[in-house]
>>> print(open('coords_6.pdb').read())   # PDB, C-alpha atoms
ATOM      1  CA  MET A 197       1.538   3.993  17.057
ATOM      2  CA  SER A 198       1.100   0.804  19.051
ATOM      3  CA  GLU A 199      -0.581  -2.527  18.455
ATOM      4  CA  SER A 200      -4.139  -3.039  19.662
ATOM      5  CA  PRO A 201      -4.023  -4.936  22.967
ATOM      6  CA  ASP A 202      -6.868  -7.276  21.964
ATOM      7  CA  ASN A 203      -5.499  -8.658  18.701
ATOM      8  CA  PRO A 204      -2.163  -7.456  17.300
ATOM      9  CA  MET A 205      -2.593  -9.774  14.293
ATOM     10  CA  THR A 206      -5.730  -7.871  13.290
ATOM     11  CA  ASP A 207      -3.660  -4.689  13.099
ATOM     12  CA  ARG A 208      -1.137  -6.456  10.898
ATOM     13  CA  VAL A 209      -3.744  -7.763   8.478
ATOM     14  CA  LEU A 210      -5.321  -4.312   8.242
ATOM     15  CA  ALA A 211      -1.957  -2.977   7.088
ATOM     16  CA  LEU A 212      -1.627  -5.891   4.665
ATOM     17  CA  ALA A 213      -5.116  -5.160   3.375
ATOM     18  CA  GLY A 214      -4.025  -1.582   2.732
ATOM     19  CA  LEU A 215      -1.015  -2.874   0.822
ATOM     20  CA  VAL A 216      -2.971  -5.222  -1.440
ATOM     21  CA  GLN A 217      -5.751  -2.662  -1.899
ATOM     22  CA  ALA A 218      -3.157  -0.178  -3.151
ATOM     23  CA  LEU A 219      -1.577  -2.768  -5.434
ATOM     24  CA  SER A 220      -4.933  -3.863  -6.834
ATOM     25  CA  GLN A 221      -5.407  -0.247  -7.906
ATOM     26  CA  VAL A 222      -1.916  -0.232  -9.412
ATOM     27  CA  ARG A 223      -2.935  -3.212 -11.519
ATOM     28  CA  ARG A 224      -6.312  -1.737 -12.445
ATOM     29  CA  ILE A 225      -4.838   1.615 -13.472
ATOM     30  CA  ALA A 226      -2.094  -0.071 -15.494
ATOM     31  CA  ASP A 227      -4.611  -2.295 -17.304
ATOM     32  CA  THR A 228      -7.546   0.062 -17.810
ATOM     33  CA  GLY A 229      -6.270   3.590 -17.176
ATOM     34  CA  GLN A 230      -8.829   4.061 -14.387
ATOM     35  CA  ALA A 231      -8.967   3.286 -10.689
ATOM     36  CA  ASN A 232     -11.784   2.527  -8.309
ATOM     37  CA  THR A 233     -11.864   6.033  -6.854
ATOM     38  CA  ALA A 234     -13.064   5.078  -3.371
ATOM     39  CA  ALA A 235     -10.556   2.232  -2.985
ATOM     40  CA  LEU A 236      -7.738   4.433  -4.251
ATOM     41  CA  ALA A 237      -8.723   7.372  -2.025
ATOM     42  CA  THR A 238      -8.529   5.143   1.059
ATOM     43  CA  VAL A 239      -4.906   4.183   0.448
ATOM     44  CA  LEU A 240      -3.804   7.609  -0.780
ATOM     45  CA  ASP A 241      -5.376   9.232   2.284
ATOM     46  CA  SER A 242      -3.324   6.865   4.436
ATOM     47  CA  VAL A 243      -0.129   8.427   3.085
ATOM     48  CA  PHE A 244      -1.051  11.679   4.802
ATOM     49  CA  ARG A 245      -2.304  10.189   8.106
ATOM     50  CA  ILE A 246       1.138  10.047   9.654
ATOM     51  CA  ASP A 247       0.046  10.582  13.255
ATOM     52  CA  ALA A 248      -3.014   8.306  13.360
ATOM     53  CA  GLY A 249      -3.488   6.399  16.582
ATOM     54  CA  SER A 250      -4.198   2.969  15.121
ATOM     55  CA  PRO A 251      -4.045   1.105  11.807
ATOM     56  CA  ALA A 252      -7.816   1.407  11.425
ATOM     57  CA  GLU A 253      -7.536   5.191  11.786
ATOM     58  CA  VAL A 254      -4.768   5.282   9.173
ATOM     59  CA  TYR A 255      -7.305   4.120   6.591
ATOM     60  CA  GLY A 256     -10.305   6.038   7.867
ATOM     61  CA  GLY A 257     -11.936   2.995   9.431
ATOM     62  CA  ARG A 258     -11.894  -0.735   8.865
ATOM     63  CA  HIS A 259     -14.855  -0.552   6.479
ATOM     64  CA  ALA A 260     -12.750   1.388   3.962
ATOM     65  CA  LEU A 261     -10.446  -1.632   3.658
ATOM     66  CA  MET A 262     -13.119  -4.124   2.624
ATOM     67  CA  PRO A 263     -11.709  -4.456  -0.930
ATOM     68  CA  GLY A 264      -8.241  -5.232   0.425
ATOM     69  CA  LEU A 265      -9.529  -7.560   3.147
ATOM     70  CA  THR A 266     -11.558  -9.472   0.564
ATOM     71  CA  LEU A 267      -8.448  -9.874  -1.581
ATOM     72  CA  LEU A 268      -6.562 -11.212   1.443
ATOM     73  CA  LYS A 269      -9.384 -13.647   2.183
ATOM     74  CA  ASP A 270      -9.220 -14.898  -1.396
ATOM     75  CA  TYR A 271      -5.434 -15.279  -1.118
ATOM     76  CA  PHE A 272      -5.613 -17.373   2.025
ATOM     77  CA  GLU A 273      -8.322 -19.510   0.437
ATOM     78  CA  GLY A 274      -6.259 -20.049  -2.714
ATOM     79  CA  ARG A 275      -8.559 -18.029  -4.949
ATOM     80  CA  ILE A 276      -6.332 -15.177  -6.161
ATOM     81  CA  ALA A 277      -7.737 -13.898  -9.455
ATOM     82  CA  ASP A 278      -4.631 -11.880 -10.347
ATOM     83  CA  PRO A 279      -1.401 -13.883  -9.922
ATOM     84  CA  GLN A 280       0.614 -10.682 -10.272
ATOM     85  CA  LEU A 281      -0.647  -9.314  -6.959
ATOM     86  CA  PRO A 282       1.413 -11.621  -4.687
ATOM     87  CA  ARG A 283       4.507 -10.916  -6.808
ATOM     88  CA  LEU A 284       3.983  -7.171  -6.539
ATOM     89  CA  ALA A 285       3.337  -7.427  -2.803
ATOM     90  CA  MET A 286       6.617  -9.269  -2.281
ATOM     91  CA  ALA A 287       8.473  -6.693  -4.371
ATOM     92  CA  VAL A 288       6.986  -3.827  -2.334
ATOM     93  CA  MET A 289       7.899  -5.535   0.942
ATOM     94  CA  GLN A 290      11.488  -5.823  -0.269
ATOM     95  CA  LEU A 291      11.447  -2.199  -1.396
ATOM     96  CA  GLU A 292      10.194  -1.106   2.024
ATOM     97  CA  ARG A 293      13.220  -2.696   3.704
ATOM     98  CA  ARG A 294      15.616  -0.753   1.480
ATOM     99  CA  PHE A 295      13.619   2.439   1.860
ATOM    100  CA  VAL A 296      13.583   2.559   5.664
ATOM    101  CA  ARG A 297      17.331   1.881   5.765
ATOM    102  CA  ASP A 298      17.995   4.949   3.603
ATOM    103  CA  GLU A 299      17.578   7.669   6.213
ATOM    104  CA  ASP A 300      18.099  10.550   3.795
ATOM    105  CA  MET A 301      15.465   9.230   1.412
ATOM    106  CA  ALA A 302      13.004   8.494   4.196
ATOM    107  CA  SER A 303      13.453  12.021   5.570
ATOM    108  CA  ARG A 304      12.925  13.560   2.144
ATOM    109  CA  VAL A 305       9.720  11.543   1.556
ATOM    110  CA  HIS A 306       8.401  12.438   5.017
ATOM    111  CA  ARG A 307       9.143  16.119   4.494
ATOM    112  CA  ASP A 308       7.499  16.276   1.073
ATOM    113  CA  ILE A 309       4.392  14.434   2.257
ATOM    114  CA  LEU A 310       3.982  16.906   5.110
ATOM    115  CA  ALA A 311       4.370  19.785   2.667
ATOM    116  CA  LEU A 312       1.685  18.314   0.398
ATOM    117  CA  GLY A 313      -0.709  17.491   3.224
ATOM    118  CA  ASP A 314      -2.699  20.742   3.258
ATOM    119  CA  ARG A 315      -3.329  20.520  -0.472
ATOM    120  CA  ALA A 316      -4.410  16.901  -0.203
ATOM    121  CA  ARG A 317      -6.836  17.738   2.585
ATOM    122  CA  ALA A 318      -8.250  20.699   0.661
ATOM    123  CA  ASP A 319      -8.547  19.139  -2.805
ATOM    124  CA  GLY A 320      -8.638  15.425  -1.981
ATOM    125  CA  SER A 321      -5.884  12.865  -2.284
ATOM    126  CA  THR A 322      -7.169  11.711  -5.689
ATOM    127  CA  HIS A 323      -6.994  15.188  -7.214
ATOM    128  CA  PRO A 324      -4.829  14.935 -10.358
ATOM    129  CA  ASP A 325      -2.352  17.510  -9.054
ATOM    130  CA  VAL A 326      -1.953  15.685  -5.745
ATOM    131  CA  MET A 327      -1.451  12.335  -7.481
ATOM    132  CA  ALA A 328       1.022  13.945  -9.864
ATOM    133  CA  ALA A 329       3.008  15.294  -6.905
ATOM    134  CA  LEU A 330       2.998  11.892  -5.187
ATOM    135  CA  GLY A 331       4.015  10.243  -8.437
ATOM    136  CA  THR A 332       6.891  12.654  -8.857
ATOM    137  CA  LEU A 333       7.998  12.013  -5.281
ATOM    138  CA  TYR A 334       8.044   8.267  -5.908
ATOM    139  CA  ALA A 335       9.916   8.741  -9.197
ATOM    140  CA  GLU A 336      12.572  10.911  -7.562
ATOM    141  CA  THR A 337      13.098   8.643  -4.546
ATOM    142  CA  LEU A 338      11.902   5.051  -4.258
ATOM    143  CA  SER A 339      12.067   4.309  -7.983
ATOM    144  CA  HIS A 340      15.869   4.579  -7.739
ATOM    145  CA  LEU A 341      16.101   1.696  -5.264
ATOM    146  CA  ARG A 342      16.921  -1.732  -6.640
ATOM    147  CA  PRO A 343      15.448  -4.039  -7.619
ATOM    148  CA  ARG A 344      12.685  -1.848  -9.035
ATOM    149  CA  VAL A 345       9.014  -2.708  -8.701
ATOM    150  CA  LEU A 346       7.988  -3.608 -12.253
ATOM    151  CA  VAL A 347       4.354  -3.044 -13.184
ATOM    152  CA  GLN A 348       2.863  -4.738 -16.220
ATOM    153  CA  GLY A 349      -0.192  -3.430 -18.020
ATOM    154  CA  ASN A 350      -1.664  -2.047 -21.205
ATOM    155  CA  PRO A 351       1.057  -0.149 -23.111
ATOM    156  CA  HIS A 352      -1.572   2.306 -24.360
ATOM    157  CA  TYR A 353      -2.232   3.499 -20.810
ATOM    158  CA  LEU A 354       1.288   3.094 -19.461
ATOM    159  CA  GLY A 355       2.425   5.457 -22.202
ATOM    160  CA  GLN A 356       0.356   8.266 -20.681
ATOM    161  CA  ALA A 357       2.067  10.511 -18.140
ATOM    162  CA  SER A 358      -1.062  10.927 -16.012
ATOM    163  CA  VAL A 359      -1.560   7.161 -15.760
ATOM    164  CA  VAL A 360       2.072   6.588 -14.830
ATOM    165  CA  ALA A 361       1.732   9.246 -12.116
ATOM    166  CA  GLU A 362      -1.324   7.459 -10.679
ATOM    167  CA  VAL A 363       0.508   4.132 -10.711
ATOM    168  CA  ARG A 364       3.452   5.665  -8.869
ATOM    169  CA  ALA A 365       1.180   7.385  -6.337
ATOM    170  CA  ALA A 366      -0.537   4.065  -5.599
ATOM    171  CA  LEU A 367       2.852   2.364  -5.258
ATOM    172  CA  LEU A 368       3.852   5.005  -2.712
ATOM    173  CA  ALA A 369       0.674   4.196  -0.800
ATOM    174  CA  ALA A 370       1.550   0.501  -0.947
ATOM    175  CA  VAL A 371       4.961   1.210   0.572
ATOM    176  CA  ARG A 372       3.295   3.259   3.304
ATOM    177  CA  SER A 373       1.185   0.187   4.185
ATOM    178  CA  ALA A 374       4.267  -2.046   4.095
ATOM    179  CA  VAL A 375       5.972   0.289   6.577
ATOM    180  CA  LEU A 376       2.894   0.142   8.818
ATOM    181  CA  TRP A 377       2.830  -3.651   8.603
ATOM    182  CA  ARG A 378       6.429  -3.814   9.837
ATOM    183  CA  GLN A 379       5.663  -1.300  12.591
ATOM    184  CA  MET A 380       2.872  -3.591  13.787
ATOM    185  CA  GLY A 381       5.355  -6.471  14.057
ATOM    186  CA  GLY A 382       4.713  -8.070  10.687
ATOM    187  CA  SER A 383       7.387 -10.116   8.934
ATOM    188  CA  LEU A 384       7.611 -12.550   6.058
ATOM    189  CA  LEU A 385       7.843 -15.344   8.630
ATOM    190  CA  ASP A 386       4.157 -14.704   9.368
ATOM    191  CA  PHE A 387       3.336 -16.307   6.022
ATOM    192  CA  LEU A 388       5.184 -19.460   7.105
ATOM    193  CA  LEU A 389       4.526 -19.658  10.834
ATOM    194  CA  ALA A 390       1.301 -17.732  11.423
ATOM    195  CA  LYS A 391      -0.748 -18.220   8.279
ATOM    196  CA  GLY A 392      -3.668 -19.678  10.196
ATOM    197  CA  ARG A 393      -3.742 -16.761  12.644
ATOM    198  CA  MET A 394      -3.563 -14.312   9.750
ATOM    199  CA  ARG A 395      -6.446 -16.029   7.984
ATOM    200  CA  GLU A 396      -8.545 -15.924  11.145
ATOM    201  CA  ALA A 397      -7.707 -12.242  11.694
ATOM    202  CA  VAL A 398      -8.894 -11.468   8.163
ATOM    203  CA  HIS A 399     -12.206 -13.194   8.858
ATOM    204  CA  VAL A 400     -12.571 -11.235  12.098
ATOM    205  CA  ALA A 401     -11.847  -7.948  10.317
ATOM    206  CA  LEU A 402     -14.455  -8.724   7.665
ATOM    207  CA  ARG A 403     -17.250  -9.200  10.201
TER     208      ARG A 403
END
>>> encode(input="coords_6.pdb", output="structure tokens")
Amino acid sequence: MSESPDNPMTDRVLALAGLVQALSQVRRIADTGQANTAALATVLDSVFRIDAGSPAEVYGGRHALMPGLTLLKDYFEGRIADPQLPRLAMAVMQLERRFVRDEDMASRVHRDILALGDRARADGSTHPDVMAALGTLYAETLSHLRPRVLVQGNPHYLGQASVVAEVRAALLAAVRSAVLWRQMGGSLLDFLLAKGRMREAVHVALR
């Protein structure tokens, strides 16, 4: 996959929007036991679109990322409603670095996602069995990397196996977006040196 020739930064912010959209569902599931199904489906579908030609195609079109793009807009305007989201995003970006350096783990995750792809396409990525399989994959692989991504929420829901599986599936989707962001040339330096360009790219993507 290559950057769009017209605006590589737009590709990067689309991947970032996928990341924060996934993490906003992590937070929602952990707090309420329920996700926004459409927003969650967008990021879970992206896990299985390994050979998409562009970041927009990874998510099924830019319009599907409107929740994540709106969250990014709020972040750049200093209006983040959930202060845990930036912390989780940073933790996932750090996790992504450790994940891609572990070739055995990355190969295992890639192989298992391919094996689950037909079922996800037939039943939908938000089918409980598909989310359970993704959650198990995360638990058996990325959850062993340190430091762990710690999710806070309502203990009543986080004590339920099905909710924990959904949280882990959404975290896997967040890592997928973090990988895409790096592939598009993104780095943490963007937040220091290119914040204005990122903010403008978000506004362009929201049009």
>>> closest_residue(input="coords_6.pdb", among="A:Asp227, A:Glu299, A:Asp207, A:Glu292", to="Tyr255 in chain A", atoms="all atoms listed in the file")
A:Asp207
>>> closest_residue(input="coords_6.pdb", among="A:Gln348, A:Ser339, A:Thr322, A:Ser250", to="Val288 in chain A", atoms="all atoms listed in the file")
A:Ser339
>>> residues_around(input="coords_6.pdb", residues="Val398 in chain A", least_positions_apart="6", cutoff="10 Å", atoms="all atoms listed in the file", output="PDB file with C-alpha atoms, in the frame of the given file")
ATOM      1  CA  MET A 205      -2.593  -9.774  14.293  1.00  0.00           C
ATOM      2  CA  THR A 206      -5.730  -7.871  13.290  1.00  0.00           C
ATOM      3  CA  ASP A 207      -3.660  -4.689  13.099  1.00  0.00           C
ATOM      4  CA  ARG A 208      -1.137  -6.456  10.898  1.00  0.00           C
ATOM      5  CA  VAL A 209      -3.744  -7.763   8.478  1.00  0.00           C
ATOM      6  CA  LEU A 210      -5.321  -4.312   8.242  1.00  0.00           C
ATOM      7  CA  LEU A 212      -1.627  -5.891   4.665  1.00  0.00           C
ATOM      8  CA  ALA A 213      -5.116  -5.160   3.375  1.00  0.00           C
ATOM      9  CA  GLY A 264      -8.241  -5.232   0.425  1.00  0.00           C
ATOM     10  CA  LEU A 265      -9.529  -7.560   3.147  1.00  0.00           C
ATOM     11  CA  THR A 266     -11.558  -9.472   0.564  1.00  0.00           C
ATOM     12  CA  LEU A 267      -8.448  -9.874  -1.581  1.00  0.00           C
ATOM     13  CA  LEU A 268      -6.562 -11.212   1.443  1.00  0.00           C
ATOM     14  CA  LYS A 269      -9.384 -13.647   2.183  1.00  0.00           C
ATOM     15  CA  PHE A 272      -5.613 -17.373   2.025  1.00  0.00           C
ATOM     16  CA  GLY A 392      -3.668 -19.678  10.196  1.00  0.00           C
TER      17      GLY A 392
END
>>> resolve_selection(input="coords_6.pdb", expression="the PyMOL selection byres ((chain A and resi 352) around 10)", output="list in words")
Ala226, Asp227, Thr228, Gly229, Gly349, Asn350, Pro351, Tyr353, Leu354, Gly355, Gln356 and Val359 of chain A
>>> residues_around(input="coords_6.pdb", residues="range 309-321 of chain A", least_positions_apart="6", cutoff="10 Å", atoms="all atoms listed in the file", output="PyMOL selection string")
chain A and resi 236-246+303+327+329-330+333+365
>>> build_atoms(input="coords_6.pdb", residues="range 231-260 of chain A", atoms="N, CA and C atoms", output="mmCIF file, keeping the file's coordinate frame")
data_model
loop_
_atom_site.group_PDB
_atom_site.id
_atom_site.type_symbol
_atom_site.label_atom_id
_atom_site.label_comp_id
_atom_site.auth_asym_id
_atom_site.auth_seq_id
_atom_site.Cartn_x
_atom_site.Cartn_y
_atom_site.Cartn_z
ATOM 1 N N ALA A 231 -8.937 3.946 -11.990
ATOM 2 C CA ALA A 231 -8.967 3.286 -10.689
ATOM 3 C C ALA A 231 -10.390 3.233 -10.167
ATOM 4 N N ASN A 232 -10.591 2.412 -9.137
ATOM 5 C CA ASN A 232 -11.784 2.527 -8.309
ATOM 6 C C ASN A 232 -11.516 3.689 -7.360
ATOM 7 N N THR A 233 -12.213 4.792 -7.552
ATOM 8 C CA THR A 233 -11.864 6.033 -6.854
ATOM 9 C C THR A 233 -11.910 5.876 -5.343
ATOM 10 N N ALA A 234 -12.938 5.225 -4.825
ATOM 11 C CA ALA A 234 -13.064 5.078 -3.371
ATOM 12 C C ALA A 234 -11.937 4.227 -2.805
ATOM 13 N N ALA A 235 -11.629 3.105 -3.463
ATOM 14 C CA ALA A 235 -10.556 2.232 -2.985
ATOM 15 C C ALA A 235 -9.215 2.936 -3.057
ATOM 16 N N LEU A 236 -8.998 3.711 -4.121
ATOM 17 C CA LEU A 236 -7.738 4.433 -4.251
ATOM 18 C C LEU A 236 -7.641 5.555 -3.227
ATOM 19 N N ALA A 237 -8.742 6.269 -2.993
ATOM 20 C CA ALA A 237 -8.723 7.372 -2.025
ATOM 21 C C ALA A 237 -8.353 6.873 -0.633
ATOM 22 N N THR A 238 -8.846 5.698 -0.264
ATOM 23 C CA THR A 238 -8.529 5.143 1.059
ATOM 24 C C THR A 238 -7.027 4.998 1.252
ATOM 25 N N VAL A 239 -6.342 4.426 0.275
ATOM 26 C CA VAL A 239 -4.906 4.183 0.448
ATOM 27 C C VAL A 239 -4.091 5.455 0.253
ATOM 28 N N LEU A 240 -4.534 6.346 -0.629
ATOM 29 C CA LEU A 240 -3.804 7.609 -0.780
ATOM 30 C C LEU A 240 -3.978 8.483 0.466
ATOM 31 N N ASP A 241 -5.176 8.483 1.038
ATOM 32 C CA ASP A 241 -5.376 9.232 2.284
ATOM 33 C C ASP A 241 -4.442 8.742 3.372
ATOM 34 N N SER A 242 -4.173 7.433 3.386
ATOM 35 C CA SER A 242 -3.324 6.865 4.436
ATOM 36 C C SER A 242 -1.907 7.431 4.393
ATOM 37 N N VAL A 243 -1.471 7.847 3.225
ATOM 38 C CA VAL A 243 -0.129 8.427 3.085
ATOM 39 C C VAL A 243 -0.001 9.676 3.943
ATOM 40 N N PHE A 244 -1.093 10.410 4.088
ATOM 41 C CA PHE A 244 -1.051 11.679 4.802
ATOM 42 C C PHE A 244 -1.451 11.560 6.273
ATOM 43 N N ARG A 245 -1.926 10.384 6.703
ATOM 44 C CA ARG A 245 -2.304 10.189 8.106
ATOM 45 C C ARG A 245 -1.104 9.637 8.867
ATOM 46 N N ILE A 246 -0.114 10.467 9.047
ATOM 47 C CA ILE A 246 1.138 10.047 9.654
ATOM 48 C C ILE A 246 1.008 9.844 11.159
ATOM 49 N N ASP A 247 0.150 10.619 11.798
ATOM 50 C CA ASP A 247 0.046 10.582 13.255
ATOM 51 C C ASP A 247 -1.218 9.892 13.750
ATOM 52 N N ALA A 248 -1.811 9.028 12.933
ATOM 53 C CA ALA A 248 -3.014 8.306 13.360
ATOM 54 C C ALA A 248 -2.705 7.393 14.540
ATOM 55 N N GLY A 249 -3.713 7.152 15.362
ATOM 56 C CA GLY A 249 -3.488 6.399 16.582
ATOM 57 C C GLY A 249 -3.539 4.899 16.436
ATOM 58 N N SER A 250 -4.077 4.411 15.325
ATOM 59 C CA SER A 250 -4.198 2.969 15.121
ATOM 60 C C SER A 250 -4.233 2.689 13.625
ATOM 61 N N PRO A 251 -3.959 1.440 13.232
ATOM 62 C CA PRO A 251 -4.045 1.105 11.807
ATOM 63 C C PRO A 251 -5.422 1.396 11.212
ATOM 64 N N ALA A 252 -6.484 1.116 11.956
ATOM 65 C CA ALA A 252 -7.816 1.407 11.425
ATOM 66 C C ALA A 252 -7.971 2.888 11.120
ATOM 67 N N GLU A 253 -7.449 3.743 11.998
ATOM 68 C CA GLU A 253 -7.536 5.191 11.786
ATOM 69 C C GLU A 253 -6.710 5.631 10.583
ATOM 70 N N VAL A 254 -5.607 4.942 10.326
ATOM 71 C CA VAL A 254 -4.768 5.282 9.173
ATOM 72 C C VAL A 254 -5.588 5.256 7.888
ATOM 73 N N TYR A 255 -6.523 4.306 7.823
ATOM 74 C CA TYR A 255 -7.305 4.120 6.591
ATOM 75 C C TYR A 255 -8.705 4.714 6.679
ATOM 76 N N GLY A 256 -8.984 5.438 7.744
ATOM 77 C CA GLY A 256 -10.305 6.038 7.867
ATOM 78 C C GLY A 256 -11.383 5.070 8.310
ATOM 79 N N GLY A 257 -10.985 3.988 8.956
ATOM 80 C CA GLY A 257 -11.936 2.995 9.431
ATOM 81 C C GLY A 257 -11.782 1.678 8.705
ATOM 82 N N ARG A 258 -12.058 0.603 9.426
ATOM 83 C CA ARG A 258 -11.894 -0.735 8.865
ATOM 84 C C ARG A 258 -12.753 -0.952 7.624
ATOM 85 N N HIS A 259 -13.937 -0.343 7.608
ATOM 86 C CA HIS A 259 -14.855 -0.552 6.479
ATOM 87 C C HIS A 259 -14.247 -0.117 5.151
ATOM 88 N N ALA A 260 -13.359 0.881 5.196
ATOM 89 C CA ALA A 260 -12.750 1.388 3.962
ATOM 90 C C ALA A 260 -11.774 0.392 3.352
#
